[in-house]
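Source file model.cif; content: mmCIF, C-alpha atoms.
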data_input
loop_
_atom_site.label_atom_id
_atom_site.label_comp_id
_atom_site.auth_asym_id
_atom_site.auth_seq_id
_atom_site.Cartn_x
_atom_site.Cartn_y
_atom_site.Cartn_z
CA MET A 1 -21.72 -3.87 19.33
CA VAL A 2 -18.46 -4.77 20.97
CA ASP A 3 -17.39 -1.94 23.27
CA GLU A 4 -14.43 -3.50 25.00
CA VAL A 5 -11.19 -4.75 23.59
CA VAL A 6 -9.01 -6.70 25.95
CA GLY A 7 -5.92 -8.75 25.79
CA PHE A 8 -3.15 -6.50 24.49
CA SER A 9 0.16 -7.96 25.57
CA SER A 10 3.64 -8.42 24.20
CA LEU A 11 2.72 -12.00 23.43
CA GLY A 12 -0.74 -11.48 21.98
CA LEU A 13 -2.89 -8.91 20.22
CA VAL A 14 -6.61 -8.30 20.09
CA ARG A 15 -8.52 -11.01 21.91
CA GLY A 16 -11.76 -9.07 22.16
CA VAL A 17 -12.26 -8.66 18.41
CA THR A 18 -11.42 -12.12 17.13
CA GLY A 19 -11.99 -14.33 20.15
CA LEU A 20 -8.55 -15.76 19.45
CA ASP A 21 -5.42 -15.89 21.56
CA PRO A 22 -2.78 -15.48 18.85
CA ARG A 23 0.81 -16.56 19.20
CA TRP A 24 3.02 -14.65 16.82
CA SER A 25 5.43 -16.71 14.79
CA SER A 26 9.10 -15.83 15.07
CA PRO A 27 12.38 -16.96 13.58
CA TYR A 28 13.61 -17.38 17.21
CA ASN A 29 11.03 -19.91 18.33
CA HIS A 30 13.72 -22.59 18.37
CA LEU A 31 15.41 -20.89 21.33
CA GLY A 32 12.86 -22.41 23.68
CA PRO A 33 11.37 -21.11 26.92
CA GLN A 34 14.19 -18.71 27.70
CA SER A 35 13.30 -16.58 24.67
CA SER A 36 9.56 -16.47 25.26
CA LEU A 37 7.98 -13.47 26.90
CA SER A 38 5.84 -13.55 30.00
CA SER A 39 2.39 -12.33 29.14
CA SER A 40 1.56 -11.71 32.78
CA SER A 41 4.44 -9.28 33.26
CA SER A 42 3.56 -6.97 30.43
CA SER A 43 -0.15 -7.38 29.85
CA PHE A 44 -2.52 -4.57 30.39
CA ARG A 45 -6.16 -3.79 29.79
CA LEU A 46 -7.47 -1.23 27.34
CA ARG A 47 -11.03 -0.06 27.02
CA LEU A 48 -11.97 1.35 23.62
CA HIS A 49 -15.32 3.10 23.14
CA PHE A 50 -16.16 3.02 19.46
CA LEU A 51 -16.69 6.34 17.75
CA PRO A 52 -19.60 7.32 15.51
CA SER A 53 -19.68 5.75 12.05
CA SER A 54 -18.21 8.88 10.46
CA SER A 55 -15.00 8.32 12.43
CA LEU A 56 -14.64 4.61 11.73
CA PRO A 57 -12.02 4.93 8.94
CA TRP A 58 -9.73 6.70 11.40
CA VAL A 59 -10.32 3.95 13.96
CA ALA A 60 -9.68 1.10 11.53
CA LEU A 61 -6.49 2.56 10.09
CA PRO A 62 -4.63 2.79 13.44
CA TRP A 63 -5.70 -0.78 14.12
CA PHE A 64 -4.00 -1.89 10.93
CA ILE A 65 -0.85 0.12 11.67
CA GLY A 66 -0.82 -1.02 15.29
CA LEU A 67 -1.20 -4.62 14.20
CA LEU A 68 2.03 -4.54 12.22
CA GLY A 69 3.67 -2.46 14.94
CA PHE A 70 2.96 -4.96 17.73
CA ASN A 71 4.17 -7.80 15.55
CA CYS A 72 7.37 -5.83 14.84
CA CYS A 73 7.94 -5.03 18.53
CA TYR A 74 7.50 -8.64 19.54
CA SER A 75 9.96 -9.82 16.89
CA LEU A 76 12.37 -7.07 17.90
CA GLU A 77 12.34 -8.07 21.58
CA LEU A 78 12.91 -11.70 20.71
CA SER A 79 15.81 -10.66 18.49
CA ALA A 80 17.37 -8.80 21.40
CA ARG A 81 16.99 -11.75 23.75
CA ALA A 82 18.52 -14.11 21.21
CA SER A 83 21.68 -12.00 20.77
CA ASP A 84 24.90 -13.06 22.46
CA LEU A 85 25.92 -11.26 25.71
CA ARG A 86 22.92 -8.89 25.63
CA TYR A 87 20.97 -10.17 28.57
CA THR A 88 23.63 -12.40 30.16
CA LYS A 89 24.56 -11.47 33.73
CA LYS A 90 28.16 -12.31 34.63
CA PRO A 91 29.28 -12.89 38.23
CA PHE A 92 31.56 -10.39 39.98
CA VAL A 93 34.53 -12.80 39.86
CA TYR A 94 34.16 -13.07 36.08
CA HIS A 95 34.39 -9.29 35.60
CA ARG A 96 37.33 -9.07 38.04
CA LEU A 97 39.28 -11.73 36.11
CA GLN A 98 38.49 -10.00 32.84
CA LYS A 99 39.85 -6.74 34.24
CA ILE A 100 43.07 -8.45 35.37
CA ARG A 101 43.53 -10.08 31.95
CA CYS A 102 42.88 -6.83 30.11
CA GLY A 103 45.17 -4.93 32.48
CA ALA A 104 48.01 -7.38 31.82
CA ALA A 105 47.70 -6.99 28.06
CA ALA A 106 46.84 -3.30 27.76
CA PRO A 107 47.29 0.03 29.56
CA ASP A 108 44.72 1.15 32.13
CA HIS A 109 43.28 3.70 29.75
CA ALA A 110 42.79 1.18 26.92
CA TYR A 111 39.18 0.74 25.75
CA VAL A 112 37.95 -2.85 25.62
CA HIS A 113 35.27 -3.23 22.97
CA GLU A 114 32.16 -5.15 23.91
CA PRO A 115 29.48 -6.17 21.42
CA LYS A 116 26.49 -3.82 21.51
CA PHE A 117 23.00 -4.36 20.30
CA ASN A 118 22.23 -2.05 17.37
CA CYS A 119 18.59 -1.48 18.24
CA LEU A 120 17.85 0.87 15.34
CA GLU A 121 19.31 -1.45 12.73
CA ASN A 122 17.41 -4.43 14.10
CA PHE A 123 14.22 -2.38 14.30
CA TRP A 124 14.37 -1.47 10.62
CA GLU A 125 15.12 -5.07 9.71
CA VAL A 126 11.95 -6.18 11.51
CA ILE A 127 9.92 -3.36 9.95
CA SER A 128 11.14 -4.17 6.44
CA GLY A 129 10.39 -7.86 7.03
CA GLN A 130 6.81 -7.10 8.10
CA LEU A 131 6.25 -4.75 5.14
CA ASP A 132 7.61 -7.38 2.76
CA ALA A 133 5.24 -9.95 4.26
CA PHE A 134 2.30 -7.57 3.87
CA TYR A 135 3.37 -6.87 0.27
CA ARG A 136 3.17 -10.59 -0.49
CA PHE A 137 -0.07 -10.91 1.48
CA SER A 138 -1.72 -8.27 -0.74
CA ARG A 139 -0.84 -10.21 -3.95
CA PRO A 140 0.66 -7.19 -5.75
CA HIS A 141 -0.01 -8.38 -9.31
CA THR A 142 -3.75 -8.18 -8.57
CA ILE A 143 -3.34 -4.74 -6.96
CA PHE A 144 -1.52 -3.44 -10.05
CA GLY A 145 -4.33 -4.84 -12.20
CA THR A 146 -6.92 -2.99 -10.12
CA ILE A 147 -5.00 0.29 -10.20
CA ILE A 148 -4.39 0.18 -13.96
CA GLY A 149 -7.89 -1.07 -14.77
CA VAL A 150 -9.80 1.47 -12.68
CA THR A 151 -7.59 4.36 -13.83
CA CYS A 152 -7.84 3.56 -17.54
CA VAL A 153 -11.59 2.90 -17.42
CA SER A 154 -12.05 6.23 -15.64
CA LEU A 155 -10.45 7.95 -18.63
CA LEU A 156 -13.02 6.59 -21.08
CA PRO A 157 -15.84 9.11 -20.27
CA LEU A 158 -13.51 12.07 -20.94
CA GLU A 159 -14.47 13.99 -24.08
CA SER A 160 -11.95 16.83 -23.94
CA THR A 161 -9.05 18.14 -21.90
CA ALA A 162 -11.51 20.39 -20.07
CA ASP A 163 -12.83 17.27 -18.29
CA ILE A 164 -9.42 16.72 -16.69
CA SER A 165 -9.83 18.78 -13.55
CA PRO A 166 -9.36 18.48 -9.78
CA LEU A 167 -12.92 17.13 -9.67
CA PHE A 168 -11.87 14.27 -11.96
CA PHE A 169 -8.85 13.36 -9.85
CA MET A 170 -10.87 13.45 -6.64
CA GLY A 171 -13.47 11.17 -8.21
CA LEU A 172 -10.74 8.81 -9.36
CA LEU A 173 -9.20 8.72 -5.89
CA LYS A 174 -12.59 8.03 -4.26
CA ALA A 175 -13.00 5.02 -6.54
CA LEU A 176 -9.42 3.75 -6.56
CA VAL A 177 -8.68 3.58 -2.83
CA PRO A 178 -11.76 1.54 -1.76
CA ALA A 179 -11.24 -0.73 -4.80
CA ILE A 180 -7.68 -1.47 -3.66
CA PHE A 181 -8.85 -2.09 -0.10
CA MET A 182 -11.54 -4.50 -1.32
CA ASN A 183 -8.91 -6.24 -3.47
CA ILE A 184 -6.78 -6.82 -0.35
CA TYR A 185 -9.83 -8.18 1.49
CA VAL A 186 -10.56 -10.69 -1.30
CA VAL A 187 -7.01 -12.03 -1.69
CA GLY A 188 -6.44 -12.02 2.08
CA LEU A 189 -9.63 -13.95 2.79
CA ASN A 190 -8.62 -16.54 0.21
CA GLN A 191 -5.26 -17.02 1.96
CA ILE A 192 -6.96 -17.48 5.36
CA PHE A 193 -9.04 -20.40 4.06
CA ASP A 194 -6.25 -21.82 1.85
CA ILE A 195 -3.41 -22.08 4.37
CA GLU A 196 -2.96 -25.84 3.98
CA ILE A 197 -3.27 -25.68 0.19
CA ASP A 198 -0.82 -22.78 0.00
CA LYS A 199 1.73 -24.75 2.00
CA VAL A 200 1.90 -26.96 -1.09
CA ASN A 201 1.21 -24.49 -3.91
CA LYS A 202 2.48 -21.14 -2.59
CA PRO A 203 4.64 -21.70 0.50
CA SER A 204 6.12 -18.19 0.31
CA LEU A 205 2.82 -16.50 1.24
CA PRO A 206 2.98 -15.09 4.80
CA LEU A 207 0.12 -17.13 6.28
CA ALA A 208 1.37 -20.37 4.77
CA SER A 209 4.96 -19.69 5.87
CA GLY A 210 3.94 -18.61 9.38
CA GLU A 211 5.18 -15.01 9.09
CA PHE A 212 1.61 -13.86 9.83
CA SER A 213 -0.68 -15.63 12.26
CA VAL A 214 -4.30 -16.41 11.41
CA ALA A 215 -5.36 -13.65 13.81
CA THR A 216 -3.21 -11.17 11.90
CA GLY A 217 -4.85 -12.21 8.63
CA ILE A 218 -8.35 -11.91 10.10
CA LEU A 219 -7.68 -8.43 11.46
CA LEU A 220 -6.17 -7.27 8.18
CA VAL A 221 -9.08 -8.41 6.01
CA ALA A 222 -11.61 -7.06 8.52
CA ALA A 223 -9.92 -3.65 8.65
CA PHE A 224 -9.61 -3.30 4.87
CA SER A 225 -13.19 -4.41 4.19
CA ILE A 226 -14.55 -1.93 6.75
CA MET A 227 -12.48 0.94 5.34
CA SER A 228 -13.52 0.03 1.79
CA PHE A 229 -17.24 0.07 2.59
CA ILE A 230 -17.09 3.31 4.56
CA MET A 231 -15.19 5.12 1.81
CA GLY A 232 -17.60 3.71 -0.79
CA ALA A 233 -20.60 4.94 1.20
CA LYS A 234 -19.06 8.38 1.67
CA SER A 235 -18.55 8.72 -2.10
CA GLN A 236 -22.37 8.79 -2.56
CA SER A 237 -21.93 6.89 -5.83
CA PRO A 238 -24.35 3.94 -6.21
CA PRO A 239 -22.29 2.24 -8.97
CA LEU A 240 -19.16 2.34 -6.85
CA LEU A 241 -20.89 1.02 -3.72
CA CYS A 242 -22.61 -1.66 -5.79
CA ALA A 243 -19.25 -2.77 -7.22
CA LEU A 244 -17.78 -3.04 -3.71
CA LEU A 245 -20.77 -5.02 -2.39
CA ILE A 246 -20.73 -7.48 -5.29
CA SER A 247 -16.95 -7.89 -5.04
CA PHE A 248 -17.32 -8.56 -1.32
CA PHE A 249 -20.02 -11.17 -1.89
CA LEU A 250 -18.24 -12.96 -4.76
CA GLY A 251 -14.87 -12.85 -3.00
CA SER A 252 -16.43 -14.33 0.14
CA ALA A 253 -18.40 -16.97 -1.77
CA TYR A 254 -15.24 -17.95 -3.64
CA SER A 255 -13.17 -18.63 -0.51
CA VAL A 256 -15.28 -19.13 2.64
CA ASP A 257 -15.65 -22.79 3.59
CA LEU A 258 -19.35 -22.91 4.52
CA PRO A 259 -22.34 -24.78 3.08
CA LEU A 260 -23.29 -23.52 -0.42
CA LEU A 261 -20.09 -21.45 -0.51
CA ARG A 262 -16.42 -22.25 -1.28
CA TRP A 263 -17.18 -21.80 -4.99
CA LYS A 264 -13.54 -22.30 -5.90
CA ARG A 265 -14.16 -26.05 -5.53
CA HIS A 266 -16.24 -25.88 -8.73
CA ALA A 267 -14.42 -24.81 -11.89
CA PHE A 268 -17.31 -22.96 -13.55
CA LEU A 269 -18.34 -21.01 -10.45
CA ALA A 270 -14.71 -20.08 -9.70
CA ALA A 271 -14.16 -18.75 -13.22
CA SER A 272 -17.49 -16.88 -13.10
CA CYS A 273 -16.46 -15.00 -9.93
CA ILE A 274 -13.23 -13.73 -11.49
CA LEU A 275 -14.87 -12.90 -14.81
CA CYS A 276 -17.72 -10.98 -13.18
CA VAL A 277 -15.37 -8.77 -11.13
CA ARG A 278 -12.47 -8.24 -13.55
CA ALA A 279 -14.45 -8.03 -16.78
CA ILE A 280 -17.88 -6.61 -15.94
CA LEU A 281 -17.75 -4.74 -12.63
CA VAL A 282 -14.47 -2.92 -13.25
CA GLN A 283 -15.53 -1.72 -16.71
CA LEU A 284 -19.20 -0.83 -16.21
CA ALA A 285 -19.38 0.25 -12.56
CA PHE A 286 -16.35 2.52 -12.57
CA PHE A 287 -17.26 3.95 -15.97
CA ALA A 288 -20.74 4.85 -14.67
CA HIS A 289 -19.26 6.27 -11.46
CA MET A 290 -16.95 8.58 -13.37
CA GLN A 291 -19.37 9.58 -16.14
CA LYS A 292 -22.50 10.33 -14.10
CA TYR A 293 -21.47 10.85 -10.47
CA VAL A 294 -18.17 12.66 -11.00
CA LEU A 295 -18.40 14.45 -14.35
CA GLY A 296 -22.20 14.90 -14.10
CA LYS A 297 -22.92 13.69 -17.65
CA PRO A 298 -25.86 11.50 -18.70
CA LEU A 299 -25.04 7.82 -18.58
CA ALA A 300 -24.33 6.46 -22.07
CA LEU A 301 -22.14 3.51 -23.02
CA THR A 302 -19.41 4.21 -25.56
CA LYS A 303 -17.71 1.98 -28.10
CA SER A 304 -14.56 1.88 -25.98
CA VAL A 305 -16.27 0.63 -22.81
CA VAL A 306 -18.24 -2.01 -24.74
CA PHE A 307 -15.01 -3.21 -26.39
CA ALA A 308 -13.24 -3.21 -23.01
CA THR A 309 -16.00 -5.32 -21.42
CA VAL A 310 -16.06 -7.91 -24.20
CA PHE A 311 -12.27 -8.13 -24.51
CA MET A 312 -11.75 -8.39 -20.74
CA CYS A 313 -14.32 -11.18 -20.55
CA CYS A 314 -11.94 -13.26 -22.69
CA PHE A 315 -8.90 -12.11 -20.73
CA SER A 316 -10.48 -12.72 -17.32
CA ALA A 317 -11.55 -16.19 -18.39
CA VAL A 318 -7.95 -16.91 -19.37
CA ILE A 319 -6.66 -15.66 -16.01
CA ALA A 320 -9.24 -17.76 -14.17
CA LEU A 321 -8.21 -20.87 -16.10
CA PHE A 322 -4.46 -20.29 -16.17
CA LYS A 323 -3.97 -19.50 -12.49
CA ASP A 324 -4.81 -23.12 -11.59
CA ILE A 325 -2.29 -24.72 -13.96
CA PRO A 326 0.71 -24.45 -11.57
CA ASP A 327 -1.51 -25.36 -8.57
CA VAL A 328 -2.66 -28.78 -9.74
CA GLU A 329 -0.79 -30.72 -7.05
CA GLY A 330 -2.31 -28.92 -4.05
CA ASP A 331 -5.76 -28.57 -5.65
CA ARG A 332 -5.96 -32.30 -6.37
CA ASP A 333 -4.91 -33.20 -2.81
CA PHE A 334 -7.57 -30.94 -1.24
CA GLY A 335 -10.47 -31.71 -3.60
CA ILE A 336 -10.47 -28.50 -5.68
CA GLN A 337 -11.93 -29.57 -9.03
CA SER A 338 -10.37 -26.92 -11.26
CA PHE A 339 -10.33 -27.26 -15.03
CA SER A 340 -6.61 -28.07 -14.84
CA VAL A 341 -7.32 -30.96 -12.48
CA ARG A 342 -10.22 -32.26 -14.58
CA LEU A 343 -8.89 -31.70 -18.10
CA GLY A 344 -5.14 -31.70 -17.62
CA GLN A 345 -2.58 -28.88 -17.65
CA GLU A 346 -1.63 -29.19 -21.32
CA ARG A 347 -5.18 -28.90 -22.65
CA VAL A 348 -6.05 -25.95 -20.41
CA PHE A 349 -2.83 -24.17 -21.36
CA TRP A 350 -3.48 -24.32 -25.11
CA LEU A 351 -7.14 -23.42 -24.57
CA CYS A 352 -5.97 -20.22 -22.84
CA ILE A 353 -3.54 -19.42 -25.68
CA LYS A 354 -6.22 -19.91 -28.35
CA LEU A 355 -8.70 -17.72 -26.44
CA LEU A 356 -6.18 -14.90 -26.15
CA LEU A 357 -5.12 -15.12 -29.80
CA THR A 358 -8.78 -15.02 -30.84
CA ALA A 359 -9.34 -11.94 -28.65
CA TYR A 360 -6.30 -10.22 -30.20
CA GLY A 361 -7.59 -11.03 -33.69
CA ILE A 362 -10.95 -9.42 -32.89
CA ALA A 363 -9.17 -6.41 -31.40
CA ILE A 364 -7.14 -5.95 -34.61
CA MET A 365 -10.35 -5.96 -36.67
CA VAL A 366 -11.91 -3.42 -34.30
CA GLY A 367 -8.81 -1.26 -34.67
CA ALA A 368 -9.00 -1.50 -38.46
CA SER A 369 -12.53 -0.06 -38.33
CA SER A 370 -11.44 3.08 -36.44
CA SER A 371 -11.98 6.39 -38.20
CA GLU A 372 -8.63 8.02 -37.38
CA LEU A 373 -5.40 6.79 -38.96
CA TYR A 374 -3.33 7.07 -35.78
CA GLN A 375 -5.92 5.01 -33.89
CA ARG A 376 -5.82 2.29 -36.54
CA LEU A 377 -2.04 2.14 -36.44
CA ILE A 378 -1.83 2.02 -32.64
CA LEU A 379 -4.53 -0.64 -32.24
CA ILE A 380 -3.37 -2.87 -35.12
CA ILE A 381 0.35 -2.68 -34.36
CA GLY A 382 -0.15 -2.81 -30.59
CA HIS A 383 -2.37 -5.90 -30.59
CA GLY A 384 -0.22 -7.53 -33.26
CA VAL A 385 2.90 -7.13 -31.14
CA LEU A 386 1.19 -8.49 -28.02
CA ALA A 387 -0.14 -11.49 -29.94
CA SER A 388 3.33 -12.21 -31.38
CA LEU A 389 4.94 -12.05 -27.94
CA LEU A 390 2.29 -14.41 -26.56
CA TRP A 391 2.78 -16.96 -29.34
CA SER A 392 6.58 -16.88 -29.21
CA ARG A 393 6.64 -17.54 -25.46
CA ALA A 394 3.90 -20.16 -25.57
CA ARG A 395 5.71 -22.34 -28.13
CA CYS A 396 8.76 -22.93 -25.92
CA LEU A 397 6.99 -23.38 -22.56
CA ASP A 398 7.30 -26.63 -20.61
CA VAL A 399 3.88 -27.06 -18.99
CA GLN A 400 5.28 -29.58 -16.50
CA ASN A 401 7.79 -27.05 -15.12
CA LYS A 402 5.97 -25.27 -12.30
CA SER A 403 8.31 -22.26 -12.14
CA SER A 404 8.09 -21.75 -15.93
CA VAL A 405 4.28 -21.93 -15.84
CA PHE A 406 4.11 -19.42 -12.99
CA SER A 407 6.44 -17.08 -14.88
CA PHE A 408 4.16 -17.35 -17.92
CA TYR A 409 1.16 -16.62 -15.69
CA MET A 410 2.83 -13.39 -14.57
CA PHE A 411 3.49 -12.61 -18.25
CA ILE A 412 -0.26 -12.94 -18.94
CA TRP A 413 -0.89 -10.36 -16.22
CA LYS A 414 1.55 -8.03 -17.99
CA LEU A 415 -0.43 -8.48 -21.21
CA PHE A 416 -3.53 -7.67 -19.15
CA TYR A 417 -1.93 -4.41 -17.99
CA ALA A 418 -0.80 -3.52 -21.53
CA GLU A 419 -4.31 -3.93 -22.94
CA TYR A 420 -5.67 -1.17 -20.73
CA PHE A 421 -3.23 1.26 -22.35
CA LEU A 422 -4.69 0.40 -25.78
CA ILE A 423 -8.38 0.52 -24.86
CA PRO A 424 -8.63 4.37 -24.70
CA PHE A 425 -7.70 4.50 -28.41
CA VAL A 426 -10.90 2.64 -29.35
CA HIS A 427 -13.48 5.23 -30.47
#

Represent the structure of the file as structure tokens.
Amino acid sequence: MVDEVVGFSSLGLVRGVTGLDPRWSSPYNHLGPQSSLSSSSSSFRLRLHFLPSSSLPWVALPWFIGLLGFNCCYSLELSARASDLRYTKKPFVYHRLQKIRCGAAAPDHAYVHEPKFNCLENFWEVISGQLDAFYRFSRPHTIFGTIIGVTCVSLLPLESTADISPLFFMGLLKALVPAIFMNIYVVGLNQIFDIEIDKVNKPSLPLASGEFSVATGILLVAAFSIMSFIMGAKSQSPPLLCALLISFFLGSAYSVDLPLLRWKRHAFLAASCILCVRAILVQLAFFAHMQKYVLGKPLALTKSVVFATVFMCCFSAVIALFKDIPDVEGDRDFGIQSFSVRLGQERVFWLCIKLLLTAYGIAIMVGASSSELYQRLILIIGHGVLASLLWSRARCLDVQNKSSVFSFYMFIWKLFYAEYFLIPFVH
């Protein structure tokens, strides 16, 4: 157990946790030695005795907030040093001549304006920049998918309005927050091991662009994984904790570059990781958590959760295949044998479209078998509209245009979100 954290300084962060000596990236690095800060002048030593395990979430959260805060403060100080006339000392003769010139042109009581550093404005600029970088680091389209998926699946065990109670909302919150934290761990870990690939495929991501250092990424994923596991353990829900553990294992196996791991190199294993988490774990584990360990009902699968699992298997397979279509260039250069690299972008694209259209056709037939008229109408019309939108956009897409393909990929995620709003009508 590490009981000492050393190395806080205005130029570095936590050396005791990572073993690294990070150097924060800055838009002012081009200013050279005069803009760098002296670590010896502002370094200090901090001893942190870890608290009992029950207090660990409150230890990890300040670490995360402090991490962004130190990065902000460092960027802020560099911004101040790079500003004109802020830290420039003028000789006495210079000020005397300035006074004579001003006195010749203006009365003695005239106020001569000098540029001032707006510290508050610059501070908020740095803060907003760091938050924007963290927003991109968390891959928000996956976060939205987790929020919508877990919330809608949690509604499936409800049998009447009496089940909607404070107990239900607390159970939902206990499942949703650790799921989001684990999602951030998975996407963050992937960025740490894909920095060179992302410089080609996704240069706007904060690790690839240099907005976050590798040490920042490591601390973020460590903090969010720890908080996720502790909250999952405190929920006392075996399905929820099991879902977090499996997500952690599959997310690590997908990205970590170690022997027998780095499954993203192999197309089938990569697709299996995404399908297992998005299609199976989200539906079954969170349904069981809500039905048995929150509402206290006997565990029994319903038609809606079975439909959701089968349908999302098709959808998750499409997401796993389609996400590699715009990344062919970087994947090929770094030896990632995705289906798009092996089969070609055009073939994989139309395979994804056919899979989704088939899934929508099955969903329309399931909707037609519903007992209630309003359910039939919602499921048939809803899936028909989504299938029509998919087909109309697919016909005019240029697969060779990377920006168009990425836009279509985001459209598929929107179809993914929309499906969760139709699933509760399956009974």

Worksheet entry | Gap from CA of Ser388 in chain A to CA of Pro140 in chain A - Å, one decimal |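 Interatomic distance here is 26.3 Å.
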
**Request:** For each of A:Tyr360, A:Phe229, A:Tyr409, A:Tyr254, take the minimum atom-to-atom distance to Met312 in chain A, counting only C-alpha atoms, then give the residue where this is smallest.
**Result:**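 Checking each candidate against Met312 in chain A, we get A:Tyr360 as the closest.
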
Practice prompt. Starting from the displayed file, determine the output of the PyMOL selection byres ((chain A and resi 275-281) around 8) and express the residue list as a count of residues only.
Written response: 20

(Q) Just to confirm, what's the straight-line distance from CA of Pro178 in chain A to CA of Ser228 in chain A in Å (one decimal)? (A)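 So the two atoms, CA of Pro178 in chain A and CA of Ser228 in chain A, lie 4.2 Å apart.
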
Practice problem: Within 9 Å of range 143-154 of chain A, counting all atoms listed in the file, which residues show up once you throw out same-chain ones fewer than 3 positions away? Write them as a ChimeraX atom specification, please. | Solution: /A:138-140,157-158,168,172,175-177,179-180,183-184,278,282-284,286-291,305,308,413-414,416-417,420-421,423-424

message = Within 12 Å of (2.0, -24.9, 4.2) in the file's own coordinates, which protein, DNA or RNA residues have an atom, counting only C-alpha atoms? List them as a ChimeraX atom specification.
response = /A:191-211,330

Contacts of Ile362 in chain A at 12 Å (all atoms listed in the file; same-chain gap of 3+ positions) as an mmCIF file with C-alpha atoms, keeping the file's coordinate frame:
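Everything below was put into around.cif:
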data_model
loop_
_atom_site.group_PDB
_atom_site.id
_atom_site.type_symbol
_atom_site.label_atom_id
_atom_site.label_comp_id
_atom_site.auth_asym_id
_atom_site.auth_seq_id
_atom_site.Cartn_x
_atom_site.Cartn_y
_atom_site.Cartn_z
ATOM 1 C CA PHE A 307 -15.010 -3.210 -26.390
ATOM 2 C CA ALA A 308 -13.240 -3.210 -23.010
ATOM 3 C CA VAL A 310 -16.060 -7.910 -24.200
ATOM 4 C CA PHE A 311 -12.270 -8.130 -24.510
ATOM 5 C CA CYS A 314 -11.940 -13.260 -22.690
ATOM 6 C CA LEU A 355 -8.700 -17.720 -26.440
ATOM 7 C CA LEU A 356 -6.180 -14.900 -26.150
ATOM 8 C CA LEU A 357 -5.120 -15.120 -29.800
ATOM 9 C CA THR A 358 -8.780 -15.020 -30.840
ATOM 10 C CA ALA A 359 -9.340 -11.940 -28.650
ATOM 11 C CA MET A 365 -10.350 -5.960 -36.670
ATOM 12 C CA VAL A 366 -11.910 -3.420 -34.300
ATOM 13 C CA GLY A 367 -8.810 -1.260 -34.670
ATOM 14 C CA ALA A 368 -9.000 -1.500 -38.460
ATOM 15 C CA SER A 369 -12.530 -0.060 -38.330
ATOM 16 C CA LEU A 379 -4.530 -0.640 -32.240
ATOM 17 C CA ILE A 380 -3.370 -2.870 -35.120
ATOM 18 C CA HIS A 383 -2.370 -5.900 -30.590
ATOM 19 C CA GLY A 384 -0.220 -7.530 -33.260
ATOM 20 C CA ALA A 387 -0.140 -11.490 -29.940
#

Using all atoms listed in the file, the shortest atom-to-atom distance to Val186 in chain A among A:Leu377, A:Leu240, A:Gly251, A:Glu329 belongs to A:Gly251
